[in-house]
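Asks: File coords34.pdb below, PDB, C-alpha atoms:
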```
MODEL        1
ATOM      1  CA  MET W   1      23.064  -1.829  82.235
ATOM      2  CA  PRO W   2      23.805   1.831  83.012
ATOM      3  CA  MET W   3      21.000   3.624  84.773
ATOM      4  CA  ASN W   4      20.600   6.202  82.041
ATOM      5  CA  ALA W   5      20.383   3.678  79.223
ATOM      6  CA  ALA W   6      17.281   3.611  77.116
ATOM      7  CA  ALA W   7      15.070   0.559  77.351
ATOM      8  CA  PRO W   8      15.991  -2.090  74.781
ATOM      9  CA  ALA W   9      13.548  -3.157  72.139
ATOM     10  CA  GLN W  10      11.353  -6.043  73.231
ATOM     11  CA  PRO W  11       9.373  -8.581  71.214
ATOM     12  CA  GLN W  12       5.713  -8.086  70.440
ATOM     13  CA  ARG W  13       3.505  -8.876  73.410
ATOM     14  CA  SER W  14       0.145 -10.541  73.023
ATOM     15  CA  PRO W  15      -3.012  -9.626  74.949
ATOM     16  CA  LEU W  16      -2.463 -12.823  76.958
ATOM     17  CA  PHE W  17       0.842 -11.384  78.207
ATOM     18  CA  TRP W  18      -0.909  -8.302  79.593
ATOM     19  CA  VAL W  19      -3.644 -10.395  81.197
ATOM     20  CA  GLY W  20      -0.924 -12.381  82.950
ATOM     21  CA  MET W  21       0.877  -9.222  84.055
ATOM     22  CA  PHE W  22      -2.325  -7.736  85.478
ATOM     23  CA  LEU W  23      -3.000 -10.944  87.419
ATOM     24  CA  PHE W  24       0.540 -10.914  88.846
ATOM     25  CA  MET W  25       0.141  -7.227  89.814
ATOM     26  CA  ILE W  26      -3.094  -7.953  91.671
ATOM     27  CA  LEU W  27      -1.705 -11.064  93.391
ATOM     28  CA  SER W  28       1.420  -9.197  94.516
ATOM     29  CA  GLY W  29      -0.622  -6.280  95.831
ATOM     30  CA  ILE W  30      -3.069  -8.531  97.705
ATOM     31  CA  ALA W  31      -0.154  -9.955  99.700
ATOM     32  CA  ILE W  32       0.392  -6.575 101.403
ATOM     33  CA  PRO W  33      -2.939  -6.126 103.261
ATOM     34  CA  ALA W  34      -2.884  -9.830 104.113
ATOM     35  CA  GLN W  35       0.602  -9.385 105.564
ATOM     36  CA  GLY W  36      -0.531  -6.288 107.453
ATOM     37  CA  ARG W  37      -3.452  -8.177 109.017
ATOM     38  CA  VAL W  38      -1.194 -11.084 110.052
ATOM     39  CA  ASN W  39       1.492  -8.788 111.472
ATOM     40  CA  ALA W  40      -1.132  -6.811 113.392
ATOM     41  CA  GLU W  41      -2.332 -10.019 115.066
ATOM     42  CA  LEU W  42       1.239 -11.026 115.875
ATOM     43  CA  SER W  43       1.973  -7.557 117.282
ATOM     44  CA  SER W  44      -1.123  -7.726 119.473
ATOM     45  CA  THR W  45      -0.097 -11.157 120.791
ATOM     46  CA  VAL W  46       3.569 -10.396 121.567
ATOM     47  CA  GLY W  47       2.767  -6.883 122.785
ATOM     48  CA  ASP W  48       5.650  -5.281 120.884
ATOM     49  CA  ALA W  49       5.254  -3.875 117.364
ATOM     50  CA  TYR W  50       9.029  -3.677 116.802
ATOM     51  CA  LEU W  51       9.539  -7.305 117.817
ATOM     52  CA  ALA W  52       6.597  -8.399 115.638
ATOM     53  CA  ALA W  53       8.058  -6.600 112.607
ATOM     54  CA  PHE W  54      11.455  -8.262 113.171
ATOM     55  CA  ILE W  55       9.886 -11.715 113.590
ATOM     56  CA  SER W  56       7.946 -11.258 110.345
ATOM     57  CA  PHE W  57      11.073 -10.322 108.393
ATOM     58  CA  PHE W  58      13.214 -13.001 110.048
ATOM     59  CA  VAL W  59      10.748 -15.789 109.239
ATOM     60  CA  GLY W  60      10.810 -14.632 105.612
ATOM     61  CA  LEU W  61      14.624 -14.699 105.729
ATOM     62  CA  LEU W  62      14.620 -18.283 107.065
ATOM     63  CA  VAL W  63      12.224 -19.433 104.340
ATOM     64  CA  LEU W  64      14.370 -17.834 101.627
ATOM     65  CA  ALA W  65      17.553 -19.278 103.153
ATOM     66  CA  VAL W  66      16.081 -22.761 102.788
ATOM     67  CA  ILE W  67      15.066 -22.057  99.187
ATOM     68  CA  VAL W  68      18.319 -20.473  97.978
ATOM     69  CA  PHE W  69      20.756 -22.789  99.782
ATOM     70  CA  LEU W  70      18.946 -26.137  99.878
ATOM     71  CA  THR W  71      17.366 -26.284  96.406
ATOM     72  CA  ALA W  72      19.129 -26.660  93.050
ATOM     73  CA  PRO W  73      17.442 -23.602  91.428
ATOM     74  CA  GLY W  74      18.265 -21.490  94.472
ATOM     75  CA  ARG W  75      21.937 -22.468  94.537
ATOM     76  CA  ARG W  76      22.160 -21.973  90.781
ATOM     77  CA  ALA W  77      20.721 -18.467  91.126
ATOM     78  CA  MET W  78      23.094 -17.560  93.986
ATOM     79  CA  ARG W  79      26.075 -18.592  91.847
ATOM     80  CA  GLN W  80      25.149 -15.772  89.465
ATOM     81  CA  VAL W  81      25.728 -13.112  92.131
ATOM     82  CA  PRO W  82      29.566 -12.807  91.917
ATOM     83  CA  PRO W  83      29.590 -12.649  88.071
ATOM     84  CA  ALA W  84      26.891  -9.946  88.148
ATOM     85  CA  PHE W  85      29.084  -7.873  90.480
ATOM     86  CA  ARG W  86      32.134  -8.379  88.278
ATOM     87  CA  ARG W  87      30.183  -7.247  85.206
ATOM     88  CA  GLY W  88      29.065  -4.138  87.057
ATOM     89  CA  GLU W  89      25.376  -5.004  86.638
ATOM     90  CA  VAL W  90      24.866  -4.973  90.426
ATOM     91  CA  ARG W  91      26.340  -2.436  92.849
ATOM     92  CA  TRP W  92      26.906  -3.208  96.520
ATOM     93  CA  TRP W  93      24.261  -0.700  97.629
ATOM     94  CA  TYR W  94      21.565  -2.563  95.670
ATOM     95  CA  LEU W  95      21.768  -5.151  98.455
ATOM     96  CA  LEU W  96      20.538  -2.555 100.962
ATOM     97  CA  ALA W  97      17.161  -2.218  99.224
ATOM     98  CA  GLY W  98      15.607  -4.390 101.923
ATOM     99  CA  ALA W  99      16.352  -1.680 104.483
ATOM    100  CA  VAL W 100      13.551   0.272 102.767
ATOM    101  CA  GLY W 101      11.181  -2.535 103.717
ATOM    102  CA  GLY W 102      12.282  -2.198 107.325
ATOM    103  CA  TYR W 103      11.800   1.577 107.145
ATOM    104  CA  PHE W 104       8.318   1.101 105.678
ATOM    105  CA  VAL W 105       7.291  -1.238 108.499
ATOM    106  CA  LEU W 106       8.636   1.224 111.073
ATOM    107  CA  ALA W 107       6.758   4.109 109.424
ATOM    108  CA  GLN W 108       3.602   2.013 109.591
ATOM    109  CA  THR W 109       4.202   1.183 113.252
ATOM    110  CA  LEU W 110       4.952   4.755 114.279
ATOM    111  CA  THR W 111       2.246   6.641 112.383
ATOM    112  CA  ILE W 112      -0.802   4.554 111.628
ATOM    113  CA  GLY W 113      -2.171   4.819 115.176
ATOM    114  CA  MET W 114      -1.982   8.633 115.064
ATOM    115  CA  ILE W 115      -2.991   9.504 111.498
ATOM    116  CA  GLY W 116      -5.298   6.544 110.786
ATOM    117  CA  VAL W 117      -5.278   3.809 108.139
ATOM    118  CA  ALA W 118      -6.988   5.973 105.508
ATOM    119  CA  VAL W 119      -4.506   8.875 105.633
ATOM    120  CA  PHE W 120      -1.622   6.396 105.834
ATOM    121  CA  THR W 121      -2.873   4.633 102.684
ATOM    122  CA  VAL W 122      -3.262   7.864 100.717
ATOM    123  CA  ALA W 123       0.228   9.035 101.752
ATOM    124  CA  VAL W 124       1.843   5.715 100.785
ATOM    125  CA  VAL W 125       0.043   5.497  97.434
ATOM    126  CA  THR W 126       0.952   9.086  96.565
ATOM    127  CA  GLY W 127       4.589   8.343  97.373
ATOM    128  CA  GLN W 128       4.529   5.107  95.346
ATOM    129  CA  THR W 129       2.992   6.834  92.336
ATOM    130  CA  ILE W 130       5.346   9.829  92.317
ATOM    131  CA  GLY W 131       8.263   7.502  92.942
ATOM    132  CA  GLY W 132       7.188   5.241  90.074
ATOM    133  CA  LEU W 133       7.145   8.194  87.676
ATOM    134  CA  LEU W 134      10.526   9.500  88.850
ATOM    135  CA  TRP W 135      12.383   6.166  89.002
ATOM    136  CA  ASP W 136      11.099   5.259  85.534
ATOM    137  CA  ARG W 137      12.203   8.632  84.181
ATOM    138  CA  ILE W 138      15.766   8.443  85.521
ATOM    139  CA  GLY W 139      16.067   4.780  84.557
ATOM    140  CA  LEU W 140      16.565   3.214  87.990
ATOM    141  CA  GLY W 141      14.700   0.076  86.898
ATOM    142  CA  PRO W 142      16.172  -2.631  84.656
ATOM    143  CA  GLY W 143      14.225  -1.451  81.594
ATOM    144  CA  GLY W 144      16.120   1.852  81.414
ATOM    145  CA  ARG W 145      14.493   5.253  81.022
ATOM    146  CA  ARG W 146      10.771   5.437  80.287
ATOM    147  CA  GLN W 147       9.194   8.661  79.102
ATOM    148  CA  ILE W 148       6.646  10.464  81.286
ATOM    149  CA  THR W 149       3.803  10.418  78.765
ATOM    150  CA  LEU W 150       0.402  12.042  79.117
ATOM    151  CA  MET W 151      -1.291   8.655  79.540
ATOM    152  CA  ARG W 152       1.112   7.668  82.311
ATOM    153  CA  CYS W 153       0.507  10.961  84.138
ATOM    154  CA  VAL W 154      -3.269  10.624  83.760
ATOM    155  CA  GLY W 155      -3.141   7.056  85.024
ATOM    156  CA  ALA W 156      -0.950   8.037  87.993
ATOM    157  CA  LEU W 157      -3.209  10.952  88.965
ATOM    158  CA  LEU W 158      -6.297   8.772  88.566
ATOM    159  CA  THR W 159      -4.741   6.159  90.855
ATOM    160  CA  VAL W 160      -4.249   8.667  93.672
ATOM    161  CA  CYS W 161      -7.796  10.011  93.211
ATOM    162  CA  ALA W 162      -9.203   6.471  93.207
ATOM    163  CA  VAL W 163      -7.439   5.625  96.468
ATOM    164  CA  ILE W 164      -8.690   8.832  98.108
ATOM    165  CA  TRP W 165     -12.221   7.941  96.964
ATOM    166  CA  ALA W 166     -11.922   4.360  98.215
ATOM    167  CA  VAL W 167     -10.793   5.393 101.715
ATOM    168  CA  SER W 168     -12.930   8.549 101.927
ATOM    169  CA  PRO W 169     -15.478   6.970 104.338
ATOM    170  CA  GLN W 170     -12.635   6.541 106.847
ATOM    171  CA  LEU W 171     -11.196  10.046 106.524
ATOM    172  CA  THR W 172     -12.102  12.101 109.575
ATOM    173  CA  VAL W 173     -11.444  15.702 110.447
ATOM    174  CA  ALA W 174      -8.897  16.090 113.211
ATOM    175  CA  ASP W 175      -6.448  18.668 114.541
ATOM    176  CA  ARG W 176      -3.826  18.832 111.835
ATOM    177  CA  GLY W 177      -0.840  20.951 112.686
ATOM    178  CA  LEU W 178       2.837  20.739 111.805
ATOM    179  CA  ALA W 179       3.324  17.580 113.868
ATOM    180  CA  TRP W 180       0.521  15.840 111.932
ATOM    181  CA  LEU W 181       2.069  16.883 108.613
ATOM    182  CA  LEU W 182       5.465  15.534 109.653
ATOM    183  CA  LEU W 183       3.858  12.212 110.543
ATOM    184  CA  VAL W 184       2.214  12.047 107.094
ATOM    185  CA  LEU W 185       5.618  12.584 105.468
ATOM    186  CA  LEU W 186       6.868   9.296 106.950
ATOM    187  CA  PRO W 187       4.468   6.985 105.030
ATOM    188  CA  PHE W 188       4.788   9.232 101.955
ATOM    189  CA  SER W 189       8.568   8.786 101.986
ATOM    190  CA  GLY W 190       8.088   5.072 102.687
ATOM    191  CA  GLY W 191       5.948   4.677  99.567
ATOM    192  CA  PHE W 192       8.349   6.795  97.505
ATOM    193  CA  LEU W 193      11.340   4.697  98.550
ATOM    194  CA  GLN W 194       9.388   1.459  98.153
ATOM    195  CA  ALA W 195       8.992   2.175  94.429
ATOM    196  CA  GLY W 196      12.770   2.592  94.253
ATOM    197  CA  GLN W 197      13.205  -0.652  96.177
ATOM    198  CA  GLN W 198      11.193  -2.496  93.531
ATOM    199  CA  ALA W 199      13.332  -0.912  90.817
ATOM    200  CA  LEU W 200      16.559  -2.132  92.445
ATOM    201  CA  ASN W 201      15.034  -5.562  93.012
ATOM    202  CA  GLY W 202      14.149  -5.641  89.324
ATOM    203  CA  ARG W 203      17.761  -4.808  88.414
ATOM    204  CA  GLN W 204      19.007  -7.651  90.577
ATOM    205  CA  SER W 205      16.433 -10.041  89.141
ATOM    206  CA  ALA W 206      17.527  -9.178  85.599
ATOM    207  CA  ALA W 207      21.235  -9.506  86.462
ATOM    208  CA  TYR W 208      20.918 -12.852  88.245
ATOM    209  CA  GLY W 209      18.270 -14.338  85.975
ATOM    210  CA  SER W 210      16.173 -15.021  89.091
ATOM    211  CA  ALA W 211      14.351 -13.016  91.745
ATOM    212  CA  LEU W 212      15.512 -15.282  94.589
ATOM    213  CA  PRO W 213      18.937 -13.774  95.426
ATOM    214  CA  GLY W 214      17.576 -10.223  95.480
ATOM    215  CA  ALA W 215      14.696 -11.296  97.718
ATOM    216  CA  PHE W 216      17.135 -13.024 100.087
ATOM    217  CA  PHE W 217      19.310  -9.906 100.352
ATOM    218  CA  ASN W 218      16.160  -7.805 100.903
ATOM    219  CA  PHE W 219      15.072  -9.863 103.880
ATOM    220  CA  ALA W 220      18.617 -10.042 105.262
ATOM    221  CA  SER W 221      19.120  -6.260 105.305
ATOM    222  CA  GLY W 222      15.537  -5.604 106.436
ATOM    223  CA  SER W 223      15.904  -8.085 109.309
ATOM    224  CA  ALA W 224      19.160  -6.431 110.384
ATOM    225  CA  VAL W 225      17.540  -2.975 110.439
ATOM    226  CA  LEU W 226      14.534  -4.180 112.422
ATOM    227  CA  LEU W 227      16.646  -6.188 114.877
ATOM    228  CA  LEU W 228      18.800  -3.136 115.569
ATOM    229  CA  THR W 229      15.687  -0.995 116.005
ATOM    230  CA  TRP W 230      14.025  -3.466 118.382
ATOM    231  CA  VAL W 231      17.162  -3.829 120.522
ATOM    232  CA  THR W 232      17.705  -0.047 120.634
ATOM    233  CA  VAL W 233      14.098   0.755 121.580
ATOM    234  CA  SER W 234      14.024  -2.020 124.187
ATOM    235  CA  LEU W 235      17.235  -0.766 125.818
ATOM    236  CA  LEU W 236      15.898   2.792 125.904
ATOM    237  CA  GLN W 237      12.700   1.539 127.532
ATOM    238  CA  GLY W 238      14.479  -0.322 130.310
ATOM    239  CA  GLY W 239      16.257  -3.330 128.871
ATOM    240  CA  LEU W 240      15.715  -6.488 126.891
ATOM    241  CA  GLY W 241      13.319  -8.959 128.408
ATOM    242  CA  VAL W 242      12.351 -12.481 127.410
ATOM    243  CA  PRO W 243      10.136 -12.025 124.330
ATOM    244  CA  GLN W 244       6.665 -13.511 124.372
ATOM    245  CA  LEU W 245       6.009 -15.511 121.209
ATOM    246  CA  SER W 246       2.698 -16.485 119.668
ATOM    247  CA  THR W 247       1.552 -20.118 119.583
ATOM    248  CA  THR W 248      -0.751 -19.516 116.598
ATOM    249  CA  TRP W 249       0.928 -20.835 113.441
ATOM    250  CA  TRP W 250      -0.587 -18.399 110.945
ATOM    251  CA  HIS W 251       0.763 -15.431 112.905
ATOM    252  CA  TYR W 252       4.102 -16.249 111.248
ATOM    253  CA  LEU W 253       2.857 -16.045 107.645
ATOM    254  CA  GLY W 254       3.769 -12.350 107.335
ATOM    255  CA  GLY W 255       7.259 -13.202 106.106
ATOM    256  CA  PRO W 256       6.130 -15.626 103.356
ATOM    257  CA  LEU W 257       3.527 -13.089 102.200
ATOM    258  CA  GLY W 258       6.297 -10.501 102.002
ATOM    259  CA  ILE W 259       8.258 -12.926  99.809
ATOM    260  CA  VAL W 260       5.322 -13.046  97.382
ATOM    261  CA  PHE W 261       5.291  -9.241  97.192
ATOM    262  CA  ILE W 262       9.069  -8.892  96.743
ATOM    263  CA  VAL W 263       9.515 -11.698  94.186
ATOM    264  CA  LEU W 264       6.510 -10.849  92.025
ATOM    265  CA  GLY W 265       7.303  -7.130  92.277
ATOM    266  CA  ALA W 266      10.858  -7.717  91.024
ATOM    267  CA  LEU W 267       9.598  -9.787  88.104
ATOM    268  CA  LEU W 268       6.963  -7.192  87.204
ATOM    269  CA  VAL W 269       9.426  -4.285  87.201
ATOM    270  CA  THR W 270      11.604  -6.081  84.653
ATOM    271  CA  ARG W 271       8.638  -6.415  82.286
ATOM    272  CA  VAL W 272       6.377  -3.373  82.683
ATOM    273  CA  GLY W 273       8.500  -0.735  84.461
ATOM    274  CA  VAL W 274       8.376   0.775  87.934
ATOM    275  CA  LEU W 275       5.271   2.945  87.499
ATOM    276  CA  LEU W 276       2.951   0.297  86.053
ATOM    277  CA  ALA W 277       4.159  -2.286  88.553
ATOM    278  CA  ALA W 278       3.517   0.134  91.442
ATOM    279  CA  MET W 279       0.063   1.112  90.135
ATOM    280  CA  GLY W 280      -0.945  -2.512  89.567
ATOM    281  CA  MET W 281       0.147  -3.493  93.055
ATOM    282  CA  ILE W 282      -1.755  -0.513  94.493
ATOM    283  CA  ALA W 283      -4.896  -1.879  92.822
ATOM    284  CA  GLY W 284      -4.095  -5.268  94.323
ATOM    285  CA  GLN W 285      -3.705  -3.745  97.771
ATOM    286  CA  LEU W 286      -7.155  -2.152  97.581
ATOM    287  CA  ILE W 287      -8.728  -5.345  96.243
ATOM    288  CA  GLY W 288      -7.069  -7.391  98.974
ATOM    289  CA  SER W 289      -8.191  -4.942 101.655
ATOM    290  CA  LEU W 290     -11.742  -5.006 100.301
ATOM    291  CA  LEU W 291     -11.850  -8.815 100.271
ATOM    292  CA  LEU W 292     -10.470  -9.026 103.803
ATOM    293  CA  ASP W 293     -13.014  -6.497 105.079
ATOM    294  CA  LEU W 294     -15.814  -8.484 103.445
ATOM    295  CA  VAL W 295     -14.708 -11.994 104.427
ATOM    296  CA  VAL W 296     -12.926 -11.467 107.771
ATOM    297  CA  PRO W 297     -13.692  -7.859 108.791
ATOM    298  CA  ALA W 298     -11.471  -6.266 111.407
ATOM    299  CA  PRO W 299     -12.895  -4.021 114.144
ATOM    300  CA  GLY W 300     -13.663  -0.603 112.692
ATOM    301  CA  SER W 301     -13.563  -1.751 109.059
ATOM    302  CA  LEU W 302     -16.035   0.013 106.781
ATOM    303  CA  VAL W 303     -17.083  -1.002 103.259
ATOM    304  CA  THR W 304     -19.267   1.445 101.321
ATOM    305  CA  THR W 305     -20.118   2.159  97.698
ATOM    306  CA  ALA W 306     -17.189   4.581  97.564
ATOM    307  CA  THR W 307     -14.870   1.792  98.746
ATOM    308  CA  VAL W 308     -15.978  -0.544  95.964
ATOM    309  CA  LEU W 309     -16.077   2.054  93.167
ATOM    310  CA  GLY W 310     -12.751   3.605  94.212
ATOM    311  CA  THR W 311     -11.144   0.166  94.113
ATOM    312  CA  ALA W 312     -12.587  -0.484  90.649
ATOM    313  CA  LEU W 313     -11.292   2.895  89.458
ATOM    314  CA  THR W 314      -7.711   1.872  90.314
ATOM    315  CA  LEU W 315      -8.029  -0.940  87.754
ATOM    316  CA  VAL W 316      -9.184   1.583  85.153
ATOM    317  CA  ALA W 317      -6.190   3.798  86.022
ATOM    318  CA  VAL W 318      -3.744   0.918  85.486
ATOM    319  CA  LEU W 319      -5.380   0.106  82.142
ATOM    320  CA  ILE W 320      -5.127   3.751  80.994
ATOM    321  CA  ALA W 321      -1.451   3.997  81.933
ATOM    322  CA  SER W 322      -0.765   0.673  80.167
ATOM    323  CA  LEU W 323      -2.451   1.589  76.876
ATOM    324  CA  PRO W 324       0.631   3.110  75.174
ATOM    325  CA  ASP W 325       2.724   0.018  75.888
ATOM    326  CA  MET W 326      -0.125  -2.301  74.922
ATOM    327  CA  ARG W 327      -0.585  -0.508  71.608
ATOM    328  CA  ARG W 328       3.114  -0.764  70.829
ATOM    329  CA  GLY W 329       3.231  -4.386  71.892
ATOM    330  CA  GLY W 330       5.868  -3.444  74.475
ATOM    331  CA  ARG W 331       8.863  -1.130  74.289
TER
ENDMDL
END
```
Since I need it in another form, could you write the structure as C-alpha cells?

Replies:
Amino acid sequence: MPMNAAAPAQPQRSPLFWVGMFLFMILSGIAIPAQGRVNAELSSTVGDAYLAAFISFFVGLLVLAVIVFLTAPGRRAMRQVPPAFRRGEVRWWYLLAGAVGGYFVLAQTLTIGMIGVAVFTVAVVTGQTIGGLLWDRIGLGPGGRRQITLMRCVGALLTVCAVIWAVSPQLTVADRGLAWLLLVLLPFSGGFLQAGQQALNGRQSAAYGSALPGAFFNFASGSAVLLLTWVTVSLLQGGLGVPQLSTTWWHYLGGPLGIVFIVLGALLVTRVGVLLAAMGMIAGQLIGSLLLDLVVPAPGSLVTTATVLGTALTLVAVLIASLPDMRRGGR
C-alpha cells in the first residue's frame, strides 16, 4: 500500500472490539516499565549499561529465532517475506526499524541519570504523541492517512498534560542550560522515532499476515546496533574485557518483555492507527510504573495523589481521541 493512500473502509466494530484494543494497549505499555526495571537490575549486576542493553536485545532475538524458525506458524510467516518484497509492500529500510529501539535504549542510558526519570518520561511521551499525529497524517502506518481531527489533538494534548501531572512530584528544579536542553532532545527524538517504528512494524505485520517476521528483524537490527555501540565504547575505554554475566534468571526477561511490546504494538497500529496505539501504550506505561512502585518499589520511587490521578487521566485522553472512530464503528 502506498504511504499516501487513504485508509480503506473497515467493517463495523463492536464495543467489545474497542475493549479488547484498550486491553492490548495497556498490556503492551506495561511491558515497557517492567523491561526497564529488569534491564536496570541487569545493568547494575554486569556493571555496563551498554552490555546490558545488548544482552536484553540479543536474548529477545534468540527467543524470536526459535519461534520463527522452529515452529510451523513462524516458518509460514517467514515464507511471506519474499512475496511481500516482490509486491512492493515492504521496502528494505523497513527492516531497520529495530535500530530505533537500539537508539531509544542508548538515549535512556545516556540521559536518564542526568535529567531524571520524570523529565525523561515527559520528553519521550511528548515525542511519541507528536510522532503519532505526524505519522498518521502522512500515512506511514498500514492504515493510510488519518486526519488530524480536533478530538485527536485534544486527546494528544491531554495525554502530555496527564503525564506531566503524573510525574510532577519527581520534577525538581535544577540548572538547565543549553547542555540540559540538548540532553532532553535525545529522549524526545527517541519517542518521536519510536512512533514511526511502530508504524513500520504495523506495515510489515499487515504485509506478512503476522507480526513475527517484523519483530525478528527489529531485534536483529537493534542487536547489531547495540553490539557495535558496546564494542566501540569498550575499545575507547581501554579494550574489551571478559564480560560479567548475571546468574539471576529473571534478569534476562527484558528481551521477552520487549517482544510483547513490539508484537502487540504492530498489531495495534494495523487496527487503530499510530496515534491511538501510542497513546494507549503511554497509558499502559504509566499504569505499569504505578503498579511496580506500589508492589515492588524501587529506591527513590514516589507515589502521590498526582501520580494516581495523572495516570487515570491518560485513560480519559485515549478514550477522547478514540471517540470519533468508535462512533463511526471504525474507518

Asks: Neighbouring residues of W:Val233 were defined as those with any atom within 12 Å, considering only C-alpha atoms; residues of the same chain fewer than 4 positions away were excluded. Please report them as number ranges by chain.

Replies: W: 48-51, 106, 226-229, 237-241

Asks: Taking the file as shown, find all residues satisfying the PyMOL selection byres ((chain W and resi 250) around 12) and write them as a PDB file with C-alpha atoms, keeping the file's coordinate frame.

Replies:
```
ATOM      1  CA  ALA W  34      -2.884  -9.830 104.113  1.00  0.00           C
ATOM      2  CA  GLN W  35       0.602  -9.385 105.564  1.00  0.00           C
ATOM      3  CA  ARG W  37      -3.452  -8.177 109.017  1.00  0.00           C
ATOM      4  CA  VAL W  38      -1.194 -11.084 110.052  1.00  0.00           C
ATOM      5  CA  ASN W  39       1.492  -8.788 111.472  1.00  0.00           C
ATOM      6  CA  ALA W  40      -1.132  -6.811 113.392  1.00  0.00           C
ATOM      7  CA  GLU W  41      -2.332 -10.019 115.066  1.00  0.00           C
ATOM      8  CA  LEU W  42       1.239 -11.026 115.875  1.00  0.00           C
ATOM      9  CA  SER W  56       7.946 -11.258 110.345  1.00  0.00           C
ATOM     10  CA  VAL W  59      10.748 -15.789 109.239  1.00  0.00           C
ATOM     11  CA  SER W 246       2.698 -16.485 119.668  1.00  0.00           C
ATOM     12  CA  THR W 247       1.552 -20.118 119.583  1.00  0.00           C
ATOM     13  CA  THR W 248      -0.751 -19.516 116.598  1.00  0.00           C
ATOM     14  CA  TRP W 249       0.928 -20.835 113.441  1.00  0.00           C
ATOM     15  CA  HIS W 251       0.763 -15.431 112.905  1.00  0.00           C
ATOM     16  CA  TYR W 252       4.102 -16.249 111.248  1.00  0.00           C
ATOM     17  CA  LEU W 253       2.857 -16.045 107.645  1.00  0.00           C
ATOM     18  CA  GLY W 254       3.769 -12.350 107.335  1.00  0.00           C
ATOM     19  CA  GLY W 255       7.259 -13.202 106.106  1.00  0.00           C
ATOM     20  CA  PRO W 256       6.130 -15.626 103.356  1.00  0.00           C
ATOM     21  CA  LEU W 257       3.527 -13.089 102.200  1.00  0.00           C
TER      22      LEU W 257
END
```

Asks: Between W:Ala123, W:Phe104, W:Leu267, W:Asn218, single out the one closest to W:Ile32, counting only C-alpha atoms.

Replies: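 Under the stated criterion, the closest residue is W:Phe104.
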
Asks: For atom CA of W:Leu95 and atom CA of W:Gly273, quote the distance in Å rounded to one decimal.

Replies: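 One can read the atom CA of W:Leu95 to atom CA of W:Gly273 distance as 19.8 Å.
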
Asks: Calculate how many Å separate atom CA of W:Ala306 from atom CA of W:Ala166, rounding to one decimal.

Replies: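 Computed distance, atom CA of W:Ala306 to atom CA of W:Ala166, equals 5.3 Å.
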
Asks: Using the chain letters and numbering of this document, enumerate as a list in words the residues selected by the PyMOL selection byres ((chain W and resi 133) around 9).

Replies: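 That selection, the PyMOL selection byres ((chain W and resi 133) around 9), comes back as Gln128, Thr129, Ile130, Gly131, Gly132, Leu134, Trp135, Asp136, Arg137, Ile138, Arg146, Gln147, Ile148, Arg152, Cys153, Ala156, Val274 and Leu275 of chain W.
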
Asks: What does the distance from atom CA of W:Ile55 to atom CA of W:Ala211 come to in Å, to one decimal?

Replies: 22.3 Å

Asks: With only C-alpha atoms as the atoms that count, which of W:Gly202, W:Gly98, W:Gly280, W:Gly88 lies nearest to W:Gly144?

Replies: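 Checking each of W:Gly202, W:Gly98, W:Gly280, W:Gly88 against W:Gly144, counting only C-alpha atoms, the winner is W:Gly202.
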
Asks: Closest to W:Met151 among W:Pro243, W:Pro324, W:Gly310, W:Gly127, using only C-alpha atoms?

Replies: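 Closest candidate: W:Pro324.
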
Asks: Could you state which residues are captured by the PyMOL selection byres ((chain W and resi 76) around 12) in this file, as a list in words?

Replies: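 With the PyMOL selection byres ((chain W and resi 76) around 12) on this model, the match is Ile67, Val68, Phe69, Leu70, Thr71, Ala72, Pro73, Gly74, Arg75, Ala77, Met78, Arg79, Gln80, Val81, Pro82, Tyr208, Gly209, Ser210, Ala211, Leu212 and Pro213 of chain W.
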
Asks: May I have the residues within 7 Å of W:Ala99 as a list of chain:residue names, using only C-alpha atoms and disregarding those fewer than 2 positions away in the same chain?

Replies: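 Skipping anything fewer than 2 positions along the chain leaves W:Leu96, W:Ala97, W:Gly101, W:Gly102, W:Tyr103, W:Ser221, W:Gly222, W:Val225.
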
Asks: Nearest to W:Val124: which of W:Val303, W:Leu181, W:Val295, W:Ile282 is it, counting only C-alpha atoms?

Replies: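 Looking at the shortest contact to W:Val124, the residue is W:Ile282.
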
Asks: Between W:Thr270, W:Asn201, W:Ser28, W:Thr311, which residue has the minimum interatomic distance to W:Ser168, considering all atoms listed in the file?

Replies: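 Result for the nearest residue to W:Ser168: W:Thr311.
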
Asks: Please work out which residues fall within 12 Å of (-0.8, 7.8, 107.3), coordinates as given in the file, with only C-alpha atoms counting, and return them as a compact mmCIF listing (two decimals) with C-alpha atoms, keeping the file's coordinate frame.

Replies:
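The result, stored in point39.txt:
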```
# COMPACT_ATOMS: atom_id res chain seq x y z
CA PHE W 104 8.32 1.10 105.68
CA ALA W 107 6.76 4.11 109.42
CA GLN W 108 3.60 2.01 109.59
CA THR W 109 4.20 1.18 113.25
CA LEU W 110 4.95 4.76 114.28
CA THR W 111 2.25 6.64 112.38
CA ILE W 112 -0.80 4.55 111.63
CA GLY W 113 -2.17 4.82 115.18
CA MET W 114 -1.98 8.63 115.06
CA ILE W 115 -2.99 9.50 111.50
CA GLY W 116 -5.30 6.54 110.79
CA VAL W 117 -5.28 3.81 108.14
CA ALA W 118 -6.99 5.97 105.51
CA VAL W 119 -4.51 8.88 105.63
CA PHE W 120 -1.62 6.40 105.83
CA THR W 121 -2.87 4.63 102.68
CA VAL W 122 -3.26 7.86 100.72
CA ALA W 123 0.23 9.04 101.75
CA VAL W 124 1.84 5.72 100.78
CA VAL W 125 0.04 5.50 97.43
CA THR W 126 0.95 9.09 96.56
CA GLY W 127 4.59 8.34 97.37
CA VAL W 167 -10.79 5.39 101.72
CA GLN W 170 -12.64 6.54 106.85
CA LEU W 171 -11.20 10.05 106.52
CA TRP W 180 0.52 15.84 111.93
CA LEU W 181 2.07 16.88 108.61
CA LEU W 182 5.46 15.53 109.65
CA LEU W 183 3.86 12.21 110.54
CA VAL W 184 2.21 12.05 107.09
CA LEU W 185 5.62 12.58 105.47
CA LEU W 186 6.87 9.30 106.95
CA PRO W 187 4.47 6.98 105.03
CA PHE W 188 4.79 9.23 101.96
CA SER W 189 8.57 8.79 101.99
CA GLY W 190 8.09 5.07 102.69
CA GLY W 191 5.95 4.68 99.57
```
